[in-house]
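Colleague: What follows is a single structure, and I will ask about it in a moment.
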Amino acid sequence: MKKKTIIASVTIVVLLGIMTWTLASNKKAIDSSKEVKTTQSDVSVTVASAEMKEISGNLELVGTAQPCKEVNIASESAGKIVQVNFKLGDFVTKGKVLAKIDDTYKRLAYENAKLNYDKCKDDYNRYQSLRQGDAISDTQLRDVRMAFENASIQLENAQKQWNDTRITAPFSGFITAQNTELGAYVNPGSVIAGIADISQLKIVLEVSESNAYELYQGQQIDVTTDVNPGARYAGKIANISPKASASHTYPVEILIPNTGKDKLKAGTYVNVSVNMGKSGKALMIPRDAIVSSVKDPSVYVVNDNAVKLVKITTGRSFNSNLEVAAGLNEGDKVVTNGQINLMDGAKVSILN
């Protein structure tokens, strides 16, 4: 019996060994098959050639003209709107009463505060005369003076609350939104209108690092629009941000006057041209070819159906193209699509 048990155990061990060896052999064969398959599969990419192109020496950008001053006008009082003196698109001057809130109680409160103020003022003047004749004490005069000062504060507060029932334009400009109507009830903070001063417009552009270092405050800018093809607007750079945005571009603010016959509306797309003082030819590649970061750019260069990751130095930006200052030669083919699947030395299949 014991002998049979030993034989059975040996048999099981042998069978397990055979199964383990078979599975390992099959896995190795599968892995080898995968490796061969991976090696034989080329990555599909599109490419573009590094080309010498004529450059105008101008930095061409597209932006949106926005008002230099634009605010929401809100009520500082609560009550029912009893008068509306504006509509969308109206030009209004600074201080114009745009709307009135029912002021019945605020007016009565002011009149009551004014009566109290006048009484306290008369009392104070009379008590000053009495004190000069030693008819009253310093304490009595002090009490009357404090009452007069308190009445003055109450009158000032009542005057402000009454004034707040008249909602006025904070500056001259065009009404850009009407958010109230006759009979509406408003609370402090309720927005009743929007106003914008478009006598001067601003354009905020995002420029590359290399271009940002060549721009300066006060630099003349040429602005054109598609809506007024023959019109040209002379602008100036007002501000250049000293800090890059998250996309590593620098916000630049341009101001243009908007008082001539070809006035622009806020929100109009504009074409901005900046004379950079350089023209001629430059080696250019599509911006889409850049991998890694803008600060440390690289591209995949294709040679004999294999790619090599090459570090380059970029120069100026021209819309969808970048100037290459170093790292590439004219005619080099760079990958513009499909880089996500690449590594240095990978085999590729060119689609275009």
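Here's how to read the names in the structure tokens: chain A, B, ... by the order shown, residue numbers from 1 in each chain, ligand numbers from 1 in the order shown.
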Using DSSP on the backbone coordinates, identify the residues of region 181-335 of chain A assigned to strand (DSSP E or B); present them as number ranges by chain.
Modeller: A: 185-186, 191-207, 220-224, 232-240, 250-257, 269-275, 280-286, 291-292, 297-303, 306-311, 313-318, 321-326, 333-335
Colleague: Output C-alpha atoms for every residue in the selection just made, as a PDB file, in the first residue's frame.
Modeller:
```
ATOM      1  CA  TYR A 185     -38.020  95.603  -7.691  1.00  0.00           C
ATOM      2  CA  VAL A 186     -34.289  95.879  -7.080  1.00  0.00           C
ATOM      3  CA  VAL A 191     -27.339  95.054 -11.896  1.00  0.00           C
ATOM      4  CA  ILE A 192     -29.559  97.343 -13.948  1.00  0.00           C
ATOM      5  CA  ALA A 193     -27.274  98.031 -16.929  1.00  0.00           C
ATOM      6  CA  GLY A 194     -23.878  97.591 -18.538  1.00  0.00           C
ATOM      7  CA  ILE A 195     -21.835 100.486 -19.894  1.00  0.00           C
ATOM      8  CA  ALA A 196     -18.664 100.638 -22.002  1.00  0.00           C
ATOM      9  CA  ASP A 197     -16.403 103.479 -23.089  1.00  0.00           C
ATOM     10  CA  ILE A 198     -15.175 102.603 -26.593  1.00  0.00           C
ATOM     11  CA  SER A 199     -13.451 105.907 -27.370  1.00  0.00           C
ATOM     12  CA  GLN A 200     -10.290 103.871 -26.863  1.00  0.00           C
ATOM     13  CA  LEU A 201     -10.029 100.121 -27.397  1.00  0.00           C
ATOM     14  CA  LYS A 202      -7.566  97.587 -26.059  1.00  0.00           C
ATOM     15  CA  ILE A 203      -6.314  94.402 -27.680  1.00  0.00           C
ATOM     16  CA  VAL A 204      -4.730  91.737 -25.486  1.00  0.00           C
ATOM     17  CA  LEU A 205      -2.501  89.320 -27.415  1.00  0.00           C
ATOM     18  CA  GLU A 206      -0.479  86.270 -26.392  1.00  0.00           C
ATOM     19  CA  VAL A 207       3.031  86.312 -27.876  1.00  0.00           C
ATOM     20  CA  GLN A 220       3.873 101.554 -32.781  1.00  0.00           C
ATOM     21  CA  ILE A 221       1.377  98.940 -33.961  1.00  0.00           C
ATOM     22  CA  ASP A 222      -0.597  98.740 -37.210  1.00  0.00           C
ATOM     23  CA  VAL A 223      -4.170  97.438 -36.820  1.00  0.00           C
ATOM     24  CA  THR A 224      -6.605  96.507 -39.596  1.00  0.00           C
ATOM     25  CA  ARG A 232      -5.950 101.445 -40.653  1.00  0.00           C
ATOM     26  CA  TYR A 233      -5.695 102.120 -36.944  1.00  0.00           C
ATOM     27  CA  ALA A 234      -2.486 103.287 -35.298  1.00  0.00           C
ATOM     28  CA  GLY A 235      -1.982 101.655 -31.932  1.00  0.00           C
ATOM     29  CA  LYS A 236       0.706 101.473 -29.275  1.00  0.00           C
ATOM     30  CA  ILE A 237       1.880  98.780 -26.913  1.00  0.00           C
ATOM     31  CA  ALA A 238       0.686  99.890 -23.477  1.00  0.00           C
ATOM     32  CA  ASN A 239       1.814  96.976 -21.323  1.00  0.00           C
ATOM     33  CA  ILE A 240       3.832  93.763 -21.599  1.00  0.00           C
ATOM     34  CA  TYR A 250       3.242  86.615 -22.622  1.00  0.00           C
ATOM     35  CA  PRO A 251       0.099  88.827 -22.578  1.00  0.00           C
ATOM     36  CA  VAL A 252       0.652  92.116 -24.427  1.00  0.00           C
ATOM     37  CA  GLU A 253      -1.891  94.960 -24.206  1.00  0.00           C
ATOM     38  CA  ILE A 254      -2.290  97.306 -27.179  1.00  0.00           C
ATOM     39  CA  LEU A 255      -4.337 100.535 -27.144  1.00  0.00           C
ATOM     40  CA  ILE A 256      -5.910 102.116 -30.229  1.00  0.00           C
ATOM     41  CA  PRO A 257      -7.957 105.354 -30.473  1.00  0.00           C
ATOM     42  CA  TYR A 269     -11.723  90.757 -34.646  1.00  0.00           C
ATOM     43  CA  VAL A 270      -8.621  92.714 -35.638  1.00  0.00           C
ATOM     44  CA  ASN A 271      -5.367  91.958 -37.447  1.00  0.00           C
ATOM     45  CA  VAL A 272      -2.276  93.252 -35.679  1.00  0.00           C
ATOM     46  CA  SER A 273       1.028  93.830 -37.471  1.00  0.00           C
ATOM     47  CA  VAL A 274       4.226  94.634 -35.569  1.00  0.00           C
ATOM     48  CA  ASN A 275       7.344  95.683 -37.472  1.00  0.00           C
ATOM     49  CA  GLY A 280      14.759  87.940 -45.560  1.00  0.00           C
ATOM     50  CA  LYS A 281      14.756  84.145 -45.431  1.00  0.00           C
ATOM     51  CA  ALA A 282      14.524  81.797 -42.482  1.00  0.00           C
ATOM     52  CA  LEU A 283      14.439  78.031 -41.982  1.00  0.00           C
ATOM     53  CA  MET A 284      10.884  77.168 -40.997  1.00  0.00           C
ATOM     54  CA  ILE A 285       9.026  74.108 -39.695  1.00  0.00           C
ATOM     55  CA  PRO A 286       5.377  73.634 -38.673  1.00  0.00           C
ATOM     56  CA  VAL A 291       7.654  67.805 -28.911  1.00  0.00           C
ATOM     57  CA  SER A 292       8.633  68.186 -25.240  1.00  0.00           C
ATOM     58  CA  PRO A 297      12.066  72.004 -27.999  1.00  0.00           C
ATOM     59  CA  SER A 298      12.849  68.817 -29.897  1.00  0.00           C
ATOM     60  CA  VAL A 299      11.606  67.246 -33.126  1.00  0.00           C
ATOM     61  CA  TYR A 300      11.612  63.761 -34.615  1.00  0.00           C
ATOM     62  CA  VAL A 301      13.715  63.736 -37.806  1.00  0.00           C
ATOM     63  CA  VAL A 302      13.037  60.930 -40.310  1.00  0.00           C
ATOM     64  CA  ASN A 303      15.960  59.240 -42.057  1.00  0.00           C
ATOM     65  CA  ALA A 306      13.574  55.611 -38.812  1.00  0.00           C
ATOM     66  CA  VAL A 307      13.276  58.590 -36.486  1.00  0.00           C
ATOM     67  CA  LYS A 308      15.804  60.376 -34.345  1.00  0.00           C
ATOM     68  CA  LEU A 309      14.886  62.818 -31.578  1.00  0.00           C
ATOM     69  CA  VAL A 310      16.809  66.039 -32.247  1.00  0.00           C
ATOM     70  CA  LYS A 311      17.038  69.091 -29.978  1.00  0.00           C
ATOM     71  CA  THR A 313      16.721  76.109 -31.086  1.00  0.00           C
ATOM     72  CA  THR A 314      13.676  78.081 -32.206  1.00  0.00           C
ATOM     73  CA  GLY A 315      13.434  81.730 -33.171  1.00  0.00           C
ATOM     74  CA  ARG A 316      10.445  83.812 -34.126  1.00  0.00           C
ATOM     75  CA  SER A 317       6.863  82.599 -34.426  1.00  0.00           C
ATOM     76  CA  PHE A 318       4.909  83.074 -37.671  1.00  0.00           C
ATOM     77  CA  ASN A 321       5.247  78.040 -38.353  1.00  0.00           C
ATOM     78  CA  LEU A 322       8.379  78.453 -36.246  1.00  0.00           C
ATOM     79  CA  GLU A 323      11.799  79.711 -37.216  1.00  0.00           C
ATOM     80  CA  VAL A 324      14.607  77.208 -36.545  1.00  0.00           C
ATOM     81  CA  ALA A 325      17.814  78.919 -35.458  1.00  0.00           C
ATOM     82  CA  ALA A 326      19.859  75.731 -34.945  1.00  0.00           C
ATOM     83  CA  LYS A 333      11.917  65.764 -42.731  1.00  0.00           C
ATOM     84  CA  VAL A 334      10.260  66.259 -39.347  1.00  0.00           C
ATOM     85  CA  VAL A 335       7.262  64.371 -37.955  1.00  0.00           C
TER      86      VAL A 335
END
```
Colleague: Excluding Gln161 (chain A) and residues on its chain fewer than 2 positions from it, collect all residues at most 9 Å away from it, counting only C-alpha atoms, and give them as number ranges by chain.
Modeller: A: 76-77, 106-107, 110, 156-159, 163-165
Colleague: If we count only C-alpha atoms, what is near Val43 (chain A) at a cut-off of 8 Å, once residues fewer than 6 positions away on the same chain are taken out, given as an mmCIF file with N, CA and C atoms, in the first residue's frame?
Modeller:
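That gives us out_17.cif:
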```cif
data_model
loop_
_atom_site.group_PDB
_atom_site.id
_atom_site.type_symbol
_atom_site.label_atom_id
_atom_site.label_comp_id
_atom_site.auth_asym_id
_atom_site.auth_seq_id
_atom_site.Cartn_x
_atom_site.Cartn_y
_atom_site.Cartn_z
ATOM 1 N N GLY A 338 1.663 61.998 -35.097
ATOM 2 C CA GLY A 338 1.981 60.623 -34.734
ATOM 3 C C GLY A 338 3.114 60.507 -33.742
ATOM 4 N N ASN A 341 3.324 58.089 -30.468
ATOM 5 C CA ASN A 341 3.649 56.659 -30.515
ATOM 6 C C ASN A 341 5.127 56.400 -30.804
ATOM 7 N N LEU A 342 5.937 57.452 -30.817
ATOM 8 C CA LEU A 342 7.335 57.299 -31.231
ATOM 9 C C LEU A 342 8.304 57.272 -30.059
ATOM 10 N N ALA A 346 12.672 54.514 -33.592
ATOM 11 C CA ALA A 346 11.501 53.763 -34.052
ATOM 12 C C ALA A 346 11.396 53.796 -35.575
ATOM 13 N N LYS A 347 10.887 52.696 -36.140
ATOM 14 C CA LYS A 347 10.631 52.620 -37.573
ATOM 15 C C LYS A 347 9.284 53.266 -37.864
ATOM 16 N N VAL A 348 9.198 53.967 -38.999
ATOM 17 C CA VAL A 348 7.963 54.678 -39.316
ATOM 18 C C VAL A 348 7.530 54.413 -40.749
ATOM 19 N N SER A 349 6.236 54.610 -40.950
ATOM 20 C CA SER A 349 5.649 54.555 -42.288
ATOM 21 C C SER A 349 5.053 55.926 -42.569
#
```
Colleague: Give the answer as one residue: which of A:Gln154, A:Thr180, A:Ser129, A:Ser49 has the shortest atom-to-atom distance to Ile73 (chain A), using only C-alpha atoms?
Modeller: A:Thr180
Colleague: Pick out the residues sitting within 10 Å of Cys120 (chain A), and hand them over as a PyMOL selection string; count only C-alpha atoms, and ignore anything fewer than 5 positions along from it in its own chain.
Modeller: chain A and resi 114-115+125-126+144-152
Colleague: Pick out the closest residue to Gly267 (chain A) from this set: A:Ser210, A:Gln66, A:Ser41, A:Asn179. Count only C-alpha atoms.
Modeller: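 So, comparing all the options, the nearest one is A:Gln66.
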Colleague: Using only C-alpha atoms for the distances, tell me which of A:Thr46, A:Asn187, A:Thr64, A:Gln132 is nearest to Ala78 (chain A).
Modeller: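 Of all the options, A:Asn187 lies closest to Ala78 (chain A).
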